file coords26.csv (CSV, C-alpha atoms)
chain,number,residue,atom,x,y,z
R,1,MET,CA,118.6,-78.4,-61.4
R,2,ILE,CA,116.4,-78.6,-64.5
R,3,ALA,CA,114.0,-75.9,-65.5
R,4,ILE,CA,110.7,-77.7,-64.4
R,5,GLU,CA,112.1,-78.4,-61.0
R,6,GLU,CA,113.0,-74.7,-60.6
R,7,ILE,CA,109.5,-73.7,-61.7
R,8,LYS,CA,107.9,-75.9,-59.1
R,9,LYS,CA,109.5,-73.7,-56.4
R,10,LEU,CA,107.9,-70.6,-57.8
R,11,ASN,CA,105.1,-69.0,-55.7
R,12,ARG,CA,102.8,-66.3,-56.8
R,13,GLU,CA,102.9,-64.6,-53.4
R,14,LYS,CA,106.7,-64.6,-53.3
R,15,LEU,CA,107.4,-63.9,-57.0
R,16,GLY,CA,110.3,-61.6,-57.7
R,17,LEU,CA,110.1,-58.4,-59.8
R,18,LEU,CA,111.6,-60.2,-62.8
R,19,THR,CA,111.5,-63.9,-63.8
R,20,VAL,CA,112.7,-65.1,-67.2
R,21,LEU,CA,112.2,-68.4,-68.9
R,22,ALA,CA,114.5,-69.1,-71.8
R,23,GLY,CA,116.2,-72.1,-73.5
R,24,ASP,CA,117.0,-73.8,-76.7
R,25,ASP,CA,115.7,-77.3,-75.8
R,26,THR,CA,112.4,-76.7,-77.6
R,27,GLY,CA,110.5,-79.6,-76.1
R,28,GLN,CA,111.6,-78.9,-72.6
R,29,TYR,CA,111.0,-75.2,-73.0
R,30,GLN,CA,107.4,-75.7,-74.1
R,31,LEU,CA,106.7,-78.0,-71.1
R,32,ALA,CA,108.4,-75.5,-68.8
R,33,LYS,CA,106.3,-72.7,-70.1
R,34,GLU,CA,103.1,-74.6,-69.6
R,35,ALA,CA,104.3,-75.5,-66.1
R,36,ILE,CA,105.0,-71.9,-65.1
R,37,PHE,CA,101.6,-70.8,-66.2
R,38,GLU,CA,100.0,-73.6,-64.2
R,39,GLN,CA,102.2,-73.0,-61.2
R,40,LEU,CA,101.1,-69.3,-61.0
R,41,GLY,CA,97.5,-70.1,-61.7
R,42,PHE,CA,97.4,-68.0,-64.9
R,43,ASP,CA,93.8,-67.1,-66.0
R,44,ALA,CA,93.3,-64.8,-69.0
R,45,SER,CA,90.1,-63.5,-67.5
R,46,ASP,CA,91.8,-62.6,-64.3
R,47,LEU,CA,92.4,-58.8,-64.3
R,48,THR,CA,95.4,-59.2,-62.1
R,49,TYR,CA,97.2,-60.7,-65.1
R,50,ALA,CA,98.3,-59.0,-68.3
R,51,TYR,CA,99.5,-61.2,-71.2
R,52,PHE,CA,101.3,-59.9,-74.3
R,53,ASP,CA,102.5,-61.8,-77.4
R,54,MET,CA,105.5,-59.7,-78.2
R,55,SER,CA,105.4,-60.8,-81.9
R,56,GLU,CA,102.2,-58.8,-82.4
R,57,SER,CA,101.8,-56.5,-79.4
R,58,ASP,CA,102.2,-52.7,-79.4
R,59,TYR,CA,105.0,-51.8,-77.0
R,60,GLY,CA,103.1,-48.6,-75.9
R,61,GLN,CA,100.4,-50.8,-74.4
R,62,VAL,CA,103.0,-53.1,-72.9
R,63,GLU,CA,104.8,-50.2,-71.2
R,64,MET,CA,101.5,-48.8,-69.9
R,65,ASP,CA,100.7,-52.1,-68.2
R,66,LEU,CA,104.2,-52.4,-66.7
R,67,VAL,CA,104.0,-49.1,-64.9
R,68,SER,CA,100.3,-48.7,-64.1
R,69,LEU,CA,99.1,-49.6,-60.6
R,70,PRO,CA,97.0,-52.8,-60.1
R,71,PHE,CA,93.3,-52.2,-59.4
R,72,PHE,CA,92.2,-55.5,-57.7
R,73,SER,CA,95.2,-56.6,-55.7
R,74,ASP,CA,98.5,-55.4,-54.2
R,75,GLN,CA,100.4,-56.5,-57.3
R,76,LYS,CA,99.8,-57.7,-60.8
R,77,ILE,CA,101.6,-60.1,-63.1
R,78,VAL,CA,102.6,-59.1,-66.6
R,79,ILE,CA,103.7,-61.8,-69.0
R,80,LEU,CA,105.7,-61.0,-72.1
R,81,ASP,CA,105.7,-64.1,-74.3
R,82,TYR,CA,107.6,-64.8,-77.5
R,83,PHE,CA,110.2,-62.2,-76.7
R,84,ALA,CA,112.6,-63.1,-79.5
R,85,ASP,CA,114.5,-59.8,-79.1
R,86,LEU,CA,116.4,-61.2,-76.2
R,87,THR,CA,117.7,-64.3,-78.0
R,88,THR,CA,120.1,-65.0,-80.8
R,89,ASP,CA,117.1,-65.5,-83.1
R,90,LYS,CA,117.2,-63.1,-86.0
R,91,LYS,CA,113.6,-62.1,-85.5
R,92,ARG,CA,113.1,-58.6,-84.0
R,93,TYR,CA,109.8,-57.2,-82.9
R,94,LEU,CA,110.8,-54.0,-81.1
R,95,THR,CA,112.5,-51.0,-82.5
R,96,ASP,CA,115.8,-49.8,-81.0
R,97,GLU,CA,113.9,-46.9,-79.3
R,98,GLU,CA,111.4,-49.4,-77.7
R,99,LEU,CA,114.3,-51.6,-76.5
R,100,LYS,CA,115.9,-48.6,-74.8
R,101,LEU,CA,112.6,-47.8,-73.1
R,102,PHE,CA,112.3,-51.4,-71.9
R,103,GLU,CA,115.9,-51.3,-70.6
R,104,ALA,CA,115.0,-48.1,-68.7
R,105,TYR,CA,112.1,-49.9,-67.1
R,106,LEU,CA,114.3,-52.8,-66.1
R,107,GLU,CA,116.7,-50.4,-64.4
R,108,GLN,CA,113.8,-49.0,-62.3
R,109,PRO,CA,110.9,-51.6,-62.3
R,110,SER,CA,107.6,-50.9,-60.7
R,111,GLU,CA,107.4,-52.4,-57.2
R,112,THR,CA,103.8,-53.5,-57.8
R,113,THR,CA,104.5,-55.3,-61.1
R,114,ARG,CA,105.8,-58.9,-61.3
R,115,LEU,CA,107.2,-59.3,-64.8
R,116,ILE,CA,107.6,-62.7,-66.4
R,117,ILE,CA,109.4,-63.0,-69.8
R,118,CYS,CA,109.2,-66.1,-72.0
R,119,ALA,CA,111.8,-66.3,-74.7
R,120,SER,CA,112.3,-69.5,-76.6
R,121,GLY,CA,115.9,-69.9,-77.7
R,122,LYS,CA,119.4,-69.1,-76.5
R,123,LEU,CA,119.7,-65.7,-74.8
R,124,ASP,CA,122.0,-63.3,-76.6
R,125,SER,CA,124.5,-62.5,-73.8
R,126,LYS,CA,126.0,-59.6,-75.8
R,127,ARG,CA,122.8,-57.6,-75.5
R,128,ARG,CA,122.5,-55.1,-72.6
R,129,LEU,CA,119.0,-56.3,-72.0
R,130,VAL,CA,120.2,-59.8,-71.3
R,131,LYS,CA,122.9,-58.5,-69.0
R,132,LEU,CA,120.3,-56.6,-67.0
R,133,ILE,CA,118.1,-59.7,-66.8
R,134,LYS,CA,121.0,-61.9,-65.6
R,135,ARG,CA,122.0,-59.3,-63.0
R,136,ASP,CA,118.5,-58.5,-61.6
R,137,GLY,CA,116.2,-61.3,-62.5
R,138,VAL,CA,115.5,-65.0,-61.8
R,139,LEU,CA,116.7,-66.8,-64.9
R,140,ILE,CA,115.3,-70.3,-65.6
R,141,GLU,CA,116.9,-71.9,-68.7
R,142,ALA,CA,115.3,-74.9,-70.4
R,143,SER,CA,118.6,-76.0,-72.0
R,144,GLU,CA,119.9,-79.4,-72.8
R,145,THR,CA,120.1,-81.5,-69.7
R,146,LYS,CA,123.0,-83.6,-68.6
R,147,GLU,CA,122.3,-87.3,-68.9
R,148,ALA,CA,122.5,-87.8,-65.1
R,149,GLU,CA,120.1,-85.0,-64.5
R,150,LEU,CA,117.7,-86.4,-67.0
R,151,ARG,CA,117.8,-89.9,-65.5
R,152,ASN,CA,117.4,-88.6,-62.0
R,153,TYR,CA,114.4,-86.4,-62.9
R,154,PHE,CA,112.5,-89.1,-64.8
R,155,GLN,CA,113.2,-91.7,-62.1
R,156,LYS,CA,111.5,-89.3,-59.6
R,157,GLU,CA,108.7,-88.7,-62.1
R,158,SER,CA,108.2,-92.4,-62.5
R,159,LYS,CA,107.7,-92.8,-58.8
R,160,ARG,CA,105.4,-89.8,-58.6
R,161,LEU,CA,103.2,-91.4,-61.3
R,162,GLY,CA,103.2,-94.7,-59.3
R,163,LEU,CA,105.3,-96.5,-62.0
R,164,GLU,CA,107.6,-99.4,-61.1
R,165,MET,CA,110.2,-100.6,-63.6
R,166,ASP,CA,113.5,-102.5,-63.4
R,167,SER,CA,116.6,-100.6,-64.4
R,168,GLY,CA,116.7,-102.4,-67.8
R,169,VAL,CA,113.1,-101.4,-68.5
R,170,PHE,CA,113.9,-97.8,-67.6
R,171,GLU,CA,116.9,-97.8,-69.9
R,172,ARG,CA,114.8,-99.2,-72.8
R,173,LEU,CA,112.3,-96.4,-72.2
R,174,LEU,CA,115.0,-93.8,-72.3
R,175,ALA,CA,116.4,-95.2,-75.6
R,176,LYS,CA,112.9,-95.4,-77.1
R,177,SER,CA,112.4,-91.8,-76.1
R,178,ASN,CA,115.8,-90.9,-77.7
R,179,LEU,CA,116.6,-89.3,-74.3
R,180,ASP,CA,114.4,-86.4,-75.4
R,181,PHE,CA,112.7,-84.6,-72.5
R,182,SER,CA,109.3,-84.0,-74.1
R,183,GLU,CA,109.2,-87.5,-75.6
R,184,MET,CA,110.1,-89.1,-72.2
R,185,THR,CA,107.4,-87.0,-70.5
R,186,LYS,CA,104.7,-88.0,-73.0
R,187,ASN,CA,105.7,-91.7,-72.8
R,188,LEU,CA,105.6,-91.8,-69.0
R,189,LEU,CA,102.2,-90.3,-69.0
R,190,PHE,CA,101.0,-92.8,-71.6
R,191,LEU,CA,102.4,-95.7,-69.6
R,192,SER,CA,100.7,-94.5,-66.4
R,193,SER,CA,97.3,-94.8,-68.2
R,194,TYR,CA,98.3,-98.0,-70.1
R,195,LYS,CA,99.2,-100.0,-67.0
R,196,LYS,CA,96.8,-99.2,-64.1
R,197,ASP,CA,98.8,-101.3,-61.7
R,198,GLY,CA,101.9,-99.3,-62.5
R,199,ARG,CA,104.2,-102.3,-63.0
R,200,ILE,CA,106.0,-101.7,-66.3
R,201,LEU,CA,107.7,-104.6,-68.0
R,202,LEU,CA,110.0,-104.7,-71.0
R,203,GLU,CA,107.2,-106.1,-73.2
R,204,ASP,CA,105.0,-103.1,-72.2
R,205,ILE,CA,107.6,-100.7,-73.6
R,206,GLU,CA,107.8,-102.6,-76.9
R,207,ALA,CA,104.0,-103.0,-77.2
R,208,ALA,CA,102.8,-99.6,-76.0
R,209,ILE,CA,105.5,-97.1,-77.2
R,210,PRO,CA,105.2,-96.7,-81.0
R,211,LYS,CA,108.3,-97.3,-83.0
R,212,THR,CA,109.7,-94.2,-84.8
R,213,LEU,CA,111.3,-94.3,-88.2
R,214,GLN,CA,114.6,-93.9,-86.5
R,215,ASP,CA,113.8,-97.0,-84.3
R,216,ASN,CA,112.9,-99.1,-87.4
R,217,LEU,CA,116.0,-98.1,-89.4
R,218,PHE,CA,118.2,-98.8,-86.4
R,219,ASP,CA,116.6,-102.3,-86.4
R,220,LEU,CA,117.2,-102.5,-90.1
R,221,ILE,CA,120.9,-101.6,-89.7
R,222,GLN,CA,121.3,-104.3,-87.0
R,223,LEU,CA,119.6,-106.9,-89.3
R,224,LEU,CA,121.9,-106.0,-92.2
R,225,LEU,CA,125.0,-106.2,-90.1
R,226,ALA,CA,123.9,-109.6,-88.8
R,227,LYS,CA,123.2,-110.6,-92.5
R,228,LYS,CA,119.6,-111.4,-91.7
R,229,MET,CA,118.3,-110.5,-95.2
R,230,ASP,CA,114.8,-112.1,-95.0
R,231,GLU,CA,114.0,-110.1,-91.8
R,232,ALA,CA,115.5,-107.0,-93.3
R,233,ARG,CA,113.3,-107.3,-96.4
R,234,ASN,CA,110.2,-107.9,-94.3
R,235,LEU,CA,111.0,-104.7,-92.3
R,236,VAL,CA,111.5,-102.7,-95.4
R,237,LYS,CA,108.2,-104.1,-96.8
R,238,ASP,CA,106.4,-103.0,-93.7
R,239,LEU,CA,107.9,-99.5,-94.0
R,240,ARG,CA,106.8,-99.2,-97.6
R,241,LEU,CA,103.3,-100.2,-96.7
R,242,GLN,CA,103.4,-97.5,-94.1
R,243,GLY,CA,104.1,-95.0,-96.9
R,244,GLU,CA,107.8,-94.5,-96.3
R,245,ASP,CA,109.6,-93.5,-99.4
R,246,GLU,CA,113.0,-95.0,-100.4
R,247,ILE,CA,114.6,-91.6,-100.8
R,248,LYS,CA,113.6,-90.8,-97.2
R,249,LEU,CA,114.9,-94.2,-96.0
R,250,ILE,CA,118.2,-93.7,-97.8
R,251,ALA,CA,118.5,-90.2,-96.3
R,252,VAL,CA,118.1,-91.5,-92.7
R,253,LEU,CA,120.4,-94.4,-93.3
R,254,LEU,CA,123.0,-92.1,-94.8
R,255,ASN,CA,122.8,-89.7,-91.8
R,256,GLN,CA,123.3,-92.6,-89.4
R,257,PHE,CA,126.2,-94.3,-91.2
R,258,ARG,CA,127.8,-90.8,-91.8
R,259,MET,CA,127.5,-90.2,-88.0
R,260,PHE,CA,129.1,-93.6,-87.3
R,261,LEU,CA,132.0,-92.7,-89.6
R,262,GLN,CA,132.5,-89.2,-88.2
R,263,VAL,CA,132.6,-90.3,-84.6
R,264,GLN,CA,135.0,-93.2,-85.4
R,265,LEU,CA,137.3,-90.8,-87.3
R,266,LEU,CA,137.3,-88.5,-84.3
R,267,VAL,CA,137.9,-91.4,-81.9
R,268,ARG,CA,141.0,-92.3,-83.9
R,269,GLU,CA,142.3,-88.8,-83.4
R,270,GLY,CA,142.0,-89.3,-79.6
R,271,ARG,CA,138.8,-87.2,-79.1
R,272,GLY,CA,136.6,-87.9,-76.1
R,273,GLU,CA,132.8,-87.9,-76.2
R,274,GLN,CA,132.4,-84.3,-75.2
R,275,GLN,CA,135.1,-83.2,-77.6
R,276,ILE,CA,133.3,-85.1,-80.4
R,277,VAL,CA,130.1,-83.3,-79.6
R,278,GLY,CA,131.8,-79.9,-79.9
R,279,ASP,CA,133.8,-80.9,-83.1
R,280,LEU,CA,130.7,-82.1,-84.9
R,281,SER,CA,128.7,-79.0,-83.8
R,282,ASP,CA,131.4,-76.8,-85.3
R,283,LEU,CA,131.6,-78.9,-88.4
R,284,LEU,CA,127.8,-79.1,-89.1
R,285,GLY,CA,127.1,-75.5,-88.0
R,286,ARG,CA,124.4,-76.6,-85.5
R,287,LYS,CA,124.3,-78.0,-82.0
R,288,VAL,CA,124.6,-81.8,-82.1
R,289,ASN,CA,122.6,-83.8,-79.6
R,290,PRO,CA,125.2,-85.4,-77.2
R,291,TYR,CA,123.0,-88.4,-76.8
R,292,GLN,CA,123.1,-89.0,-80.6
R,293,VAL,CA,126.9,-89.0,-80.3
R,294,LYS,CA,126.7,-91.4,-77.3
R,295,PHE,CA,124.5,-93.9,-79.2
R,296,ALA,CA,126.7,-93.6,-82.4
R,297,LEU,CA,129.8,-94.4,-80.4
R,298,ARG,CA,128.1,-97.4,-78.9
R,299,ASP,CA,126.6,-98.7,-82.1
R,300,SER,CA,129.6,-98.2,-84.4
R,301,ARG,CA,132.0,-99.9,-82.1
R,302,GLY,CA,133.5,-102.9,-83.9
R,303,LEU,CA,132.8,-101.5,-87.4
R,304,SER,CA,135.9,-100.7,-89.4
R,305,LEU,CA,136.5,-97.3,-91.0
R,306,GLU,CA,136.9,-98.9,-94.4
R,307,PHE,CA,133.5,-100.6,-94.1
R,308,LEU,CA,131.8,-97.4,-93.0
R,309,LYS,CA,133.4,-95.4,-95.9
R,310,ARG,CA,132.2,-98.0,-98.4
R,311,VAL,CA,128.6,-97.9,-97.0
R,312,VAL,CA,128.5,-94.1,-97.0
R,313,ALA,CA,129.7,-94.0,-100.6
R,314,LEU,CA,127.2,-96.8,-101.6
R,315,LEU,CA,124.3,-94.9,-100.1
R,316,ILE,CA,125.3,-91.6,-101.7
R,317,GLU,CA,125.5,-93.4,-105.1
R,318,THR,CA,122.2,-95.1,-104.5
R,319,ASP,CA,120.6,-91.8,-103.6
R,320,TYR,CA,121.9,-90.3,-106.8
R,321,GLN,CA,120.7,-93.2,-109.0
R,322,ILE,CA,117.2,-93.1,-107.5
R,323,LYS,CA,116.9,-89.3,-108.0
R,324,THR,CA,118.2,-89.5,-111.6
R,325,GLY,CA,115.9,-92.5,-112.4
R,326,VAL,CA,118.7,-94.9,-113.4
R,327,TYR,CA,116.6,-97.9,-112.3
R,328,ASP,CA,113.4,-98.5,-110.2
R,329,LYS,CA,114.0,-97.1,-106.7
R,330,ASP,CA,112.7,-100.3,-105.0
R,331,TYR,CA,115.3,-102.3,-106.9
R,332,LEU,CA,118.1,-99.9,-106.2
R,333,PHE,CA,117.3,-99.8,-102.5
R,334,ASP,CA,117.2,-103.6,-102.3
R,335,ILE,CA,120.5,-103.9,-104.1
R,336,ALA,CA,122.1,-101.4,-101.6
R,337,MET,CA,120.8,-103.5,-98.7
R,338,ILE,CA,122.3,-106.7,-100.2
R,339,LYS,CA,125.7,-105.0,-100.7
R,340,ILE,CA,125.8,-103.7,-97.1
R,341,ALA,CA,124.9,-107.2,-95.7
R,342,ALA,CA,127.4,-108.9,-98.0
R,343,ASP,CA,130.3,-106.5,-97.2
call {"tool": "encode", "arguments": {"input": "coords26.csv", "output": "structure tokens"}}
result
Amino acid sequence: MIAIEEIKKLNREKLGLLTVLAGDDTGQYQLAKEAIFEQLGFDASDLTYAYFDMSESDYGQVEMDLVSLPFFSDQKIVILDYFADLTTDKKRYLTDEELKLFEAYLEQPSETTRLIICASGKLDSKRRLVKLIKRDGVLIEASETKEAELRNYFQKESKRLGLEMDSGVFERLLAKSNLDFSEMTKNLLFLSSYKKDGRILLEDIEAAIPKTLQDNLFDLIQLLLAKKMDEARNLVKDLRLQGEDEIKLIAVLLNQFRMFLQVQLLVREGRGEQQIVGDLSDLLGRKVNPYQVKFALRDSRGLSLEFLKRVVALLIETDYQIKTGVYDKDYLFDIAMIKIAAD
């Protein structure tokens, strides 16, 4: 179950002593945090709530609110936001002594306090604090969702918003949203206001959802591979008029073709999709989006390794020539496009 679905089950009257929201899917985490505040009816002026931004709050005041008795109800809700000390983030806001005091509170929490912690990022499982949270609290993690979970959730959201779309239309919306949780949420809400009757057609997706630079460059790659140079030139002209610089275009194209090359090399070694995600994450030193790998496998199918190596080398050389001022950057970019199409 994804984070927002878990949050919808929360109830202020039946809230446990400790609830923690964490996760490294930034977009989903932010939406989940907004949802938890809304679900519990948070009101800054309501004295049954106490809110602390841990990046700037004095822990002494935090501790006082945790242990003090509520004045206006049987229980109060204390929210500790931006609690980076629980995550693998290098930021630290509490001293070692303050962390020990907080650990002591978690060991014997106040029965009249309902504590909610919001910590954007991956929890540091090596820390004793995190072990206590996992043992005694309700942990909701806004982490990267599996594709099946994502599809299932947004199909239900579409119905809740009164939207009707064929499977092909829904697939196109997922692709346009790059299977990103926050983008998909935003696009669904936009479509619900765009089409009052709720019937979403493929042309509605193309007309209503703005193309990203990634979308445009994907189109450019497809035009070049199909050797449609006139259409490719027109697309690049439009991008230039929108203020996109050739260096930026080269960088995105290079990243895309490099990804094509990497996944095809790993496929040749017998790696499966999940293994490729893990291998690339280790290689790049960052978590690679599995959907990016999924699309790269699909779009690079049929392209030879030799072709991909030549294109990557060409784009690296073109980038170098542009940055060193060998020729005009417009000319160099156009030459690179011609060479890719002619290969």
call {"tool": "closest_atom_pairs", "arguments": {"input": "coords26.csv", "of": "range 184-261 of chain R", "to": "range 324-343 of chain R", "cutoff": "6 Å", "atoms": "all atoms listed in the file", "output": "JSON lines"}}
result
{"residue": "R:Leu224", "atom": "CA", "partner": "R:Ala341", "partner_atom": "CA", "distance": 4.8}
{"residue": "R:Leu225", "atom": "CA", "partner": "R:Ala341", "partner_atom": "CA", "distance": 5.7}
{"residue": "R:Lys227", "atom": "CA", "partner": "R:Ala341", "partner_atom": "CA", "distance": 5.0}
call {"tool": "residues_around", "arguments": {"input": "coords26.csv", "residues": "Gln214 in chain R", "least_positions_apart": "2", "cutoff": "10 Å", "atoms": "all atoms listed in the file", "output": "PyMOL selection string"}}
result
chain R and resi 176+178+211-212+216-220+249+252-253+256
call {"tool": "atom_distance", "arguments": {"input": "coords26.csv", "atom1": "CA of Arg199 in chain R", "atom2": "CA of Leu174 in chain R"}}
result
16.6 Å
call {"tool": "closest_residue", "arguments": {"input": "coords26.csv", "among": "R:Leu239, R:Met165, R:Ile2, R:Leu69", "to": "Lys146 in chain R", "atoms": "only C-alpha atoms"}}
result
R:Ile2
call {"tool": "residues_around", "arguments": {"input": "coords26.csv", "residues": "range 7-14 of chain R", "least_positions_apart": "2", "cutoff": "8 Å", "atoms": "all atoms listed in the file", "output": "JSON, numbers by chain"}}
result
{"R": [3, 4, 5, 16, 32, 35, 36, 39, 40, 140]}
call {"tool": "write_last_selection", "arguments": {"input": "coords26.csv", "atoms": "C-alpha atoms", "output": "PDB file, in the frame of the given file"}}
result
ATOM      1  CA  ALA R   3     114.000 -75.900 -65.500  1.00  0.00           C
ATOM      2  CA  ILE R   4     110.700 -77.700 -64.400  1.00  0.00           C
ATOM      3  CA  GLU R   5     112.100 -78.400 -61.000  1.00  0.00           C
ATOM      4  CA  GLY R  16     110.300 -61.600 -57.700  1.00  0.00           C
ATOM      5  CA  ALA R  32     108.400 -75.500 -68.800  1.00  0.00           C
ATOM      6  CA  ALA R  35     104.300 -75.500 -66.100  1.00  0.00           C
ATOM      7  CA  ILE R  36     105.000 -71.900 -65.100  1.00  0.00           C
ATOM      8  CA  GLN R  39     102.200 -73.000 -61.200  1.00  0.00           C
ATOM      9  CA  LEU R  40     101.100 -69.300 -61.000  1.00  0.00           C
ATOM     10  CA  ILE R 140     115.300 -70.300 -65.600  1.00  0.00           C
TER      11      ILE R 140
END
call {"tool": "closest_residue", "arguments": {"input": "coords26.csv", "among": "R:Asp299, R:Arg240, R:Arg233, R:Asp24", "to": "Arg286 in chain R", "atoms": "only C-alpha atoms"}}
result
R:Asp24
call {"tool": "atom_distance", "arguments": {"input": "coords26.csv", "atom1": "CA of Glu103 in chain R", "atom2": "CA of Lys131 in chain R"}}
result
10.2 Å
call {"tool": "residues_around", "arguments": {"input": "coords26.csv", "residues": "Lys195 in chain R", "least_positions_apart": "5", "cutoff": "10 Å", "atoms": "all atoms listed in the file", "output": "NGL selection string"}}
result
:R and (163 or 190 or 200-201 or 204 or 208)
call {"tool": "closest_residue", "arguments": {"input": "coords26.csv", "among": "R:Thr113, R:Asn152, R:Ser300, R:Thr145", "to": "Arg258 in chain R", "atoms": "only C-alpha atoms"}}
result
R:Ser300
call {"tool": "residues_around", "arguments": {"input": "coords26.csv", "residues": "Ala84 in chain R", "least_positions_apart": "2", "cutoff": "10 Å", "atoms": "only C-alpha atoms", "output": "count of residues only"}}
result
21
call {"tool": "residues_around", "arguments": {"input": "coords26.csv", "residues": "Ile133 in chain R", "least_positions_apart": "5", "cutoff": "10 Å", "atoms": "only C-alpha atoms", "output": "number ranges by chain"}}
result
R: 18-20, 86, 103, 106-107, 117, 125, 128, 138-139
call {"tool": "write_last_selection", "arguments": {"input": "coords26.csv", "atoms": "C-alpha atoms", "output": "PDB file, keeping the file's coordinate frame"}}
result
ATOM      1  CA  LEU R  18     111.600 -60.200 -62.800  1.00  0.00           C
ATOM      2  CA  THR R  19     111.500 -63.900 -63.800  1.00  0.00           C
ATOM      3  CA  VAL R  20     112.700 -65.100 -67.200  1.00  0.00           C
ATOM      4  CA  LEU R  86     116.400 -61.200 -76.200  1.00  0.00           C
ATOM      5  CA  GLU R 103     115.900 -51.300 -70.600  1.00  0.00           C
ATOM      6  CA  LEU R 106     114.300 -52.800 -66.100  1.00  0.00           C
ATOM      7  CA  GLU R 107     116.700 -50.400 -64.400  1.00  0.00           C
ATOM      8  CA  ILE R 117     109.400 -63.000 -69.800  1.00  0.00           C
ATOM      9  CA  SER R 125     124.500 -62.500 -73.800  1.00  0.00           C
ATOM     10  CA  ARG R 128     122.500 -55.100 -72.600  1.00  0.00           C
ATOM     11  CA  VAL R 138     115.500 -65.000 -61.800  1.00  0.00           C
ATOM     12  CA  LEU R 139     116.700 -66.800 -64.900  1.00  0.00           C
TER      13      LEU R 139
END
call {"tool": "atom_distance", "arguments": {"input": "coords26.csv", "atom1": "CA of Phe83 in chain R", "atom2": "CA of Glu147 in chain R"}}
result
28.9 Å
call {"tool": "closest_residue", "arguments": {"input": "coords26.csv", "among": "R:Ser167, R:Asn289, R:Gln262, R:Ser73", "to": "Gln155 in chain R", "atoms": "all atoms listed in the file"}}
result
R:Ser167
call {"tool": "closest_residue", "arguments": {"input": "coords26.csv", "among": "R:Asp65, R:Glu246, R:Asp58, R:Glu203", "to": "Thr95 in chain R", "atoms": "only C-alpha atoms"}}
result
R:Asp58
call {"tool": "residues_near_point", "arguments": {"input": "coords26.csv", "point": "(104.9, -91.7, -68.5)", "cutoff": "10 Å", "atoms": "all atoms listed in the file", "output": "VMD selection string"}}
result
chain R and resid 154 157 to 158 161 to 163 173 183 to 194
call {"tool": "closest_residue", "arguments": {"input": "coords26.csv", "among": "R:Gln274, R:Ile116, R:Ile322, R:Leu261", "to": "Leu308 in chain R", "atoms": "all atoms listed in the file"}}
result
R:Leu261
